[in-house]
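S.K.: Handing over start-v8.cif, mmCIF, N, CA and C atoms.
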data_start
loop_
_atom_site.label_atom_id
_atom_site.label_comp_id
_atom_site.auth_asym_id
_atom_site.auth_seq_id
_atom_site.Cartn_x
_atom_site.Cartn_y
_atom_site.Cartn_z
N MET A 3 0.85 -1.18 0.00
CA MET A 3 0.00 0.00 0.00
C MET A 3 0.89 1.24 0.00
N GLU A 4 0.55 2.16 -0.88
CA GLU A 4 1.25 3.45 -0.91
C GLU A 4 0.23 4.57 -0.95
N LEU A 5 0.47 5.61 -0.17
CA LEU A 5 -0.47 6.72 -0.05
C LEU A 5 0.00 7.95 -0.80
N ARG A 6 -0.97 8.72 -1.24
CA ARG A 6 -0.70 10.05 -1.78
C ARG A 6 -1.58 11.01 -1.00
N VAL A 7 -0.97 12.11 -0.55
CA VAL A 7 -1.68 13.13 0.23
C VAL A 7 -1.60 14.45 -0.52
N ASP A 8 -2.74 15.08 -0.72
CA ASP A 8 -2.81 16.38 -1.37
C ASP A 8 -3.03 17.44 -0.29
N ARG A 9 -1.95 18.02 0.19
CA ARG A 9 -2.03 19.01 1.27
C ARG A 9 -2.79 20.26 0.85
N GLU A 10 -2.81 20.59 -0.42
CA GLU A 10 -3.55 21.76 -0.89
C GLU A 10 -5.06 21.52 -0.81
N ARG A 11 -5.45 20.30 -0.96
CA ARG A 11 -6.87 19.94 -0.91
C ARG A 11 -7.37 19.75 0.53
N CYS A 12 -6.46 19.43 1.42
CA CYS A 12 -6.79 19.16 2.82
C CYS A 12 -7.42 20.38 3.49
N ILE A 13 -8.46 20.14 4.29
CA ILE A 13 -9.10 21.25 5.01
C ILE A 13 -8.80 21.21 6.51
N GLY A 14 -7.97 20.26 6.93
CA GLY A 14 -7.56 20.20 8.33
C GLY A 14 -8.60 19.66 9.29
N ALA A 15 -9.52 18.82 8.80
CA ALA A 15 -10.57 18.27 9.66
C ALA A 15 -10.01 17.31 10.71
N GLY A 16 -8.91 16.64 10.40
CA GLY A 16 -8.27 15.75 11.36
C GLY A 16 -8.85 14.35 11.46
N MET A 17 -9.76 14.00 10.58
CA MET A 17 -10.36 12.66 10.63
C MET A 17 -9.32 11.58 10.39
N CYS A 18 -8.35 11.86 9.54
CA CYS A 18 -7.31 10.87 9.26
C CYS A 18 -6.46 10.59 10.50
N VAL A 19 -6.16 11.64 11.25
CA VAL A 19 -5.35 11.49 12.45
C VAL A 19 -6.12 10.70 13.51
N LEU A 20 -7.39 10.95 13.63
CA LEU A 20 -8.21 10.22 14.58
C LEU A 20 -8.37 8.75 14.20
N THR A 21 -8.40 8.49 12.90
CA THR A 21 -8.63 7.14 12.40
C THR A 21 -7.35 6.31 12.32
N ALA A 22 -6.25 6.92 11.90
CA ALA A 22 -4.98 6.22 11.74
C ALA A 22 -3.83 7.08 12.28
N PRO A 23 -3.74 7.23 13.60
CA PRO A 23 -2.76 8.15 14.18
C PRO A 23 -1.31 7.76 13.96
N GLY A 24 -1.03 6.51 13.68
CA GLY A 24 0.35 6.11 13.41
C GLY A 24 0.79 6.40 12.00
N VAL A 25 -0.15 6.80 11.15
CA VAL A 25 0.14 7.03 9.74
C VAL A 25 0.04 8.51 9.39
N PHE A 26 -0.85 9.23 10.08
CA PHE A 26 -1.10 10.65 9.77
C PHE A 26 -0.93 11.53 10.99
N ASP A 27 -0.56 12.77 10.74
CA ASP A 27 -0.51 13.81 11.77
C ASP A 27 -0.98 15.09 11.12
N GLN A 28 -1.08 16.15 11.91
CA GLN A 28 -1.46 17.45 11.37
C GLN A 28 -0.34 18.44 11.61
N ASP A 29 -0.11 19.29 10.63
CA ASP A 29 0.89 20.34 10.72
C ASP A 29 0.49 21.30 11.83
N THR A 30 1.41 21.66 12.68
CA THR A 30 1.09 22.54 13.82
C THR A 30 0.80 23.97 13.38
N GLU A 31 1.23 24.35 12.19
CA GLU A 31 1.00 25.73 11.73
C GLU A 31 -0.32 25.90 10.98
N ASP A 32 -0.63 24.97 10.09
CA ASP A 32 -1.84 25.15 9.28
C ASP A 32 -2.89 24.06 9.47
N GLY A 33 -2.58 23.02 10.26
CA GLY A 33 -3.55 21.98 10.55
C GLY A 33 -3.76 20.97 9.44
N ARG A 34 -3.02 21.11 8.35
CA ARG A 34 -3.20 20.17 7.24
C ARG A 34 -2.47 18.87 7.49
N VAL A 35 -2.94 17.85 6.81
CA VAL A 35 -2.41 16.50 6.98
C VAL A 35 -0.92 16.42 6.67
N VAL A 36 -0.24 15.62 7.49
CA VAL A 36 1.17 15.31 7.28
C VAL A 36 1.28 13.78 7.33
N PRO A 37 1.70 13.16 6.24
CA PRO A 37 1.85 11.70 6.28
C PRO A 37 3.10 11.32 7.08
N LEU A 38 2.91 10.48 8.07
CA LEU A 38 4.04 9.99 8.85
C LEU A 38 4.68 8.79 8.16
N ASP A 39 3.88 8.04 7.42
CA ASP A 39 4.37 6.85 6.75
C ASP A 39 3.60 6.67 5.43
N PRO A 40 4.21 7.04 4.29
CA PRO A 40 3.50 6.92 3.01
C PRO A 40 3.34 5.47 2.54
N THR A 41 4.02 4.54 3.21
CA THR A 41 3.85 3.11 2.90
C THR A 41 3.56 2.36 4.21
N PRO A 42 2.34 2.47 4.71
CA PRO A 42 2.01 1.86 6.00
C PRO A 42 2.12 0.35 6.00
N ALA A 43 2.35 -0.19 7.19
CA ALA A 43 2.46 -1.64 7.38
C ALA A 43 1.11 -2.31 7.13
N PRO A 44 1.13 -3.56 6.76
CA PRO A 44 -0.12 -4.28 6.48
C PRO A 44 -1.15 -4.22 7.61
N GLU A 45 -0.70 -4.24 8.85
CA GLU A 45 -1.66 -4.18 9.97
C GLU A 45 -2.34 -2.82 10.09
N GLN A 46 -1.80 -1.80 9.43
CA GLN A 46 -2.41 -0.47 9.47
C GLN A 46 -3.39 -0.24 8.32
N GLU A 47 -3.40 -1.15 7.35
CA GLU A 47 -4.22 -0.95 6.16
C GLU A 47 -5.71 -0.74 6.43
N PRO A 48 -6.35 -1.51 7.32
CA PRO A 48 -7.78 -1.25 7.56
C PRO A 48 -8.04 0.18 8.05
N ALA A 49 -7.23 0.67 8.96
CA ALA A 49 -7.42 2.03 9.47
C ALA A 49 -7.14 3.06 8.38
N VAL A 50 -6.13 2.81 7.56
CA VAL A 50 -5.81 3.74 6.46
C VAL A 50 -6.95 3.79 5.46
N ARG A 51 -7.48 2.65 5.11
CA ARG A 51 -8.61 2.63 4.16
C ARG A 51 -9.83 3.37 4.73
N GLU A 52 -10.05 3.23 6.02
CA GLU A 52 -11.14 3.97 6.66
C GLU A 52 -10.85 5.47 6.63
N ALA A 53 -9.59 5.86 6.89
CA ALA A 53 -9.21 7.27 6.86
C ALA A 53 -9.45 7.88 5.48
N VAL A 54 -9.16 7.13 4.44
CA VAL A 54 -9.42 7.60 3.07
C VAL A 54 -10.91 7.84 2.88
N GLN A 55 -11.72 6.93 3.39
CA GLN A 55 -13.18 7.03 3.23
C GLN A 55 -13.78 8.21 4.01
N VAL A 56 -13.25 8.49 5.20
CA VAL A 56 -13.84 9.53 6.05
C VAL A 56 -13.26 10.93 5.81
N CYS A 57 -12.23 11.03 4.99
CA CYS A 57 -11.65 12.35 4.71
C CYS A 57 -12.68 13.21 3.97
N PRO A 58 -13.13 14.32 4.57
CA PRO A 58 -14.19 15.11 3.94
C PRO A 58 -13.77 15.83 2.67
N SER A 59 -12.47 16.03 2.47
CA SER A 59 -12.02 16.75 1.28
C SER A 59 -11.45 15.81 0.21
N GLY A 60 -11.32 14.53 0.53
CA GLY A 60 -10.77 13.59 -0.44
C GLY A 60 -9.28 13.82 -0.70
N ALA A 61 -8.57 14.30 0.30
CA ALA A 61 -7.17 14.65 0.14
C ALA A 61 -6.22 13.46 0.21
N ILE A 62 -6.71 12.30 0.61
CA ILE A 62 -5.87 11.13 0.76
C ILE A 62 -6.33 10.06 -0.23
N THR A 63 -5.39 9.51 -0.98
CA THR A 63 -5.71 8.43 -1.91
C THR A 63 -4.70 7.30 -1.76
N ILE A 64 -5.15 6.12 -2.09
CA ILE A 64 -4.29 4.95 -2.16
C ILE A 64 -3.93 4.77 -3.63
N LEU A 65 -2.65 4.67 -3.91
CA LEU A 65 -2.22 4.55 -5.29
C LEU A 65 -2.67 3.24 -5.89
N ALA A 66 -2.93 3.25 -7.21
CA ALA A 66 -3.42 2.07 -7.92
C ALA A 66 -2.47 0.91 -7.78
N GLY A 67 -3.04 -0.28 -7.78
CA GLY A 67 -2.26 -1.49 -7.67
C GLY A 67 -2.23 -2.04 -6.27
N ASP A 68 -2.80 -1.31 -5.32
CA ASP A 68 -2.84 -1.76 -3.91
C ASP A 68 -4.26 -1.97 -3.46
#
Since I need it in another form, could you write the structure as structure tokens?

M.R.:
Amino acid sequence: MELRVDRERCIGAGMCVLTAPGVFDQDTEDGRVVPLDPTPAPEQEPAVREAVQVCPSGAITILAGD
């Protein structure tokens, strides 16, 4: 699994951080998503997939092939 994060699209809602805190964080200055691990471990995949689904701006995507 590999992630792509569009920080320009992010609105800083923080749903990704709440859903997958080991994979995402928020920038302390603007509140936008910061990927901690663009290639999360297999055990993190369910939470990452949920984070993609709950992101209100659609700023997080899983790259094709995963």

S.K.: Residues at most 6.5 Å from range 34-44 of chain A, counting only N, CA and C atoms, excluding those fewer than 6 positions away in the same chain, as a list in words?

M.R.: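 Final neighbour list, sorted by chain and number: Met3, Glu4, Leu5, Arg6, Arg9, Cys12, Ile13, Gly14, Gly24, Val25, Phe26, Asp27 and Gln28 of chain A.
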
S.K.: Which residues, named as in the file, does the PyMOL selection byres (((chain A and resi 49-56 and name CA) around 6) and name CA) pick out? Answer as a list in words.

M.R.: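 Checked against the file, the PyMOL selection byres (((chain A and resi 49-56 and name CA) around 6) and name CA) matches Cys18, Thr21, Ala22, Gln46, Glu47, Pro48, Cys57, Pro58 and Ile62 of chain A.
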
S.K.: Just how far from CA of Glu31 in chain A is CA of Thr63 in chain A, in Å to one decimal?

M.R.: 23.0 Å

S.K.: Could you complete range 18-36 of chain A so that it carries N, CA, C and O atoms, and give it back as an mmCIF file, in the frame of the given file?

M.R.:
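Output (rebuild39.cif):
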data_model
loop_
_atom_site.group_PDB
_atom_site.id
_atom_site.type_symbol
_atom_site.label_atom_id
_atom_site.label_comp_id
_atom_site.auth_asym_id
_atom_site.auth_seq_id
_atom_site.Cartn_x
_atom_site.Cartn_y
_atom_site.Cartn_z
ATOM 1 N N CYS A 18 -8.350 11.860 9.540
ATOM 2 C CA CYS A 18 -7.310 10.870 9.260
ATOM 3 C C CYS A 18 -6.460 10.590 10.500
ATOM 4 O O CYS A 18 -6.126 9.445 10.784
ATOM 5 N N VAL A 19 -6.160 11.640 11.250
ATOM 6 C CA VAL A 19 -5.350 11.490 12.450
ATOM 7 C C VAL A 19 -6.120 10.700 13.510
ATOM 8 O O VAL A 19 -5.547 9.851 14.194
ATOM 9 N N LEU A 20 -7.390 10.950 13.630
ATOM 10 C CA LEU A 20 -8.210 10.220 14.580
ATOM 11 C C LEU A 20 -8.370 8.750 14.200
ATOM 12 O O LEU A 20 -8.428 7.882 15.053
ATOM 13 N N THR A 21 -8.400 8.490 12.900
ATOM 14 C CA THR A 21 -8.630 7.140 12.400
ATOM 15 C C THR A 21 -7.350 6.310 12.320
ATOM 16 O O THR A 21 -7.362 5.123 12.638
ATOM 17 N N ALA A 22 -6.250 6.920 11.900
ATOM 18 C CA ALA A 22 -4.980 6.220 11.740
ATOM 19 C C ALA A 22 -3.830 7.080 12.280
ATOM 20 O O ALA A 22 -3.030 7.616 11.511
ATOM 21 N N PRO A 23 -3.740 7.230 13.600
ATOM 22 C CA PRO A 23 -2.760 8.150 14.180
ATOM 23 C C PRO A 23 -1.310 7.760 13.960
ATOM 24 O O PRO A 23 -0.434 8.610 14.016
ATOM 25 N N GLY A 24 -1.030 6.510 13.680
ATOM 26 C CA GLY A 24 0.350 6.110 13.410
ATOM 27 C C GLY A 24 0.790 6.400 12.000
ATOM 28 O O GLY A 24 1.973 6.287 11.664
ATOM 29 N N VAL A 25 -0.150 6.800 11.150
ATOM 30 C CA VAL A 25 0.140 7.030 9.740
ATOM 31 C C VAL A 25 0.040 8.510 9.390
ATOM 32 O O VAL A 25 0.767 9.003 8.521
ATOM 33 N N PHE A 26 -0.850 9.230 10.080
ATOM 34 C CA PHE A 26 -1.100 10.650 9.770
ATOM 35 C C PHE A 26 -0.930 11.530 10.990
ATOM 36 O O PHE A 26 -1.166 11.103 12.117
ATOM 37 N N ASP A 27 -0.560 12.770 10.740
ATOM 38 C CA ASP A 27 -0.510 13.810 11.770
ATOM 39 C C ASP A 27 -0.980 15.090 11.120
ATOM 40 O O ASP A 27 -1.255 15.118 9.913
ATOM 41 N N GLN A 28 -1.080 16.150 11.910
ATOM 42 C CA GLN A 28 -1.460 17.450 11.370
ATOM 43 C C GLN A 28 -0.340 18.440 11.610
ATOM 44 O O GLN A 28 0.274 18.446 12.681
ATOM 45 N N ASP A 29 -0.110 19.290 10.630
ATOM 46 C CA ASP A 29 0.890 20.340 10.720
ATOM 47 C C ASP A 29 0.490 21.300 11.830
ATOM 48 O O ASP A 29 -0.677 21.706 11.911
ATOM 49 N N THR A 30 1.410 21.660 12.680
ATOM 50 C CA THR A 30 1.090 22.540 13.820
ATOM 51 C C THR A 30 0.800 23.970 13.380
ATOM 52 O O THR A 30 0.165 24.714 14.109
ATOM 53 N N GLU A 31 1.230 24.350 12.190
ATOM 54 C CA GLU A 31 1.000 25.730 11.730
ATOM 55 C C GLU A 31 -0.320 25.900 10.980
ATOM 56 O O GLU A 31 -1.016 26.873 11.187
ATOM 57 N N ASP A 32 -0.630 24.970 10.090
ATOM 58 C CA ASP A 32 -1.840 25.150 9.280
ATOM 59 C C ASP A 32 -2.890 24.060 9.470
ATOM 60 O O ASP A 32 -3.969 24.130 8.909
ATOM 61 N N GLY A 33 -2.580 23.020 10.260
ATOM 62 C CA GLY A 33 -3.550 21.980 10.550
ATOM 63 C C GLY A 33 -3.760 20.970 9.440
ATOM 64 O O GLY A 33 -4.555 20.046 9.587
ATOM 65 N N ARG A 34 -3.020 21.110 8.350
ATOM 66 C CA ARG A 34 -3.200 20.170 7.240
ATOM 67 C C ARG A 34 -2.470 18.870 7.490
ATOM 68 O O ARG A 34 -1.521 18.795 8.253
ATOM 69 N N VAL A 35 -2.940 17.850 6.810
ATOM 70 C CA VAL A 35 -2.410 16.500 6.980
ATOM 71 C C VAL A 35 -0.920 16.420 6.670
ATOM 72 O O VAL A 35 -0.423 17.061 5.748
ATOM 73 N N VAL A 36 -0.240 15.620 7.490
ATOM 74 C CA VAL A 36 1.170 15.310 7.280
ATOM 75 C C VAL A 36 1.280 13.780 7.330
ATOM 76 O O VAL A 36 0.949 13.177 8.361
#
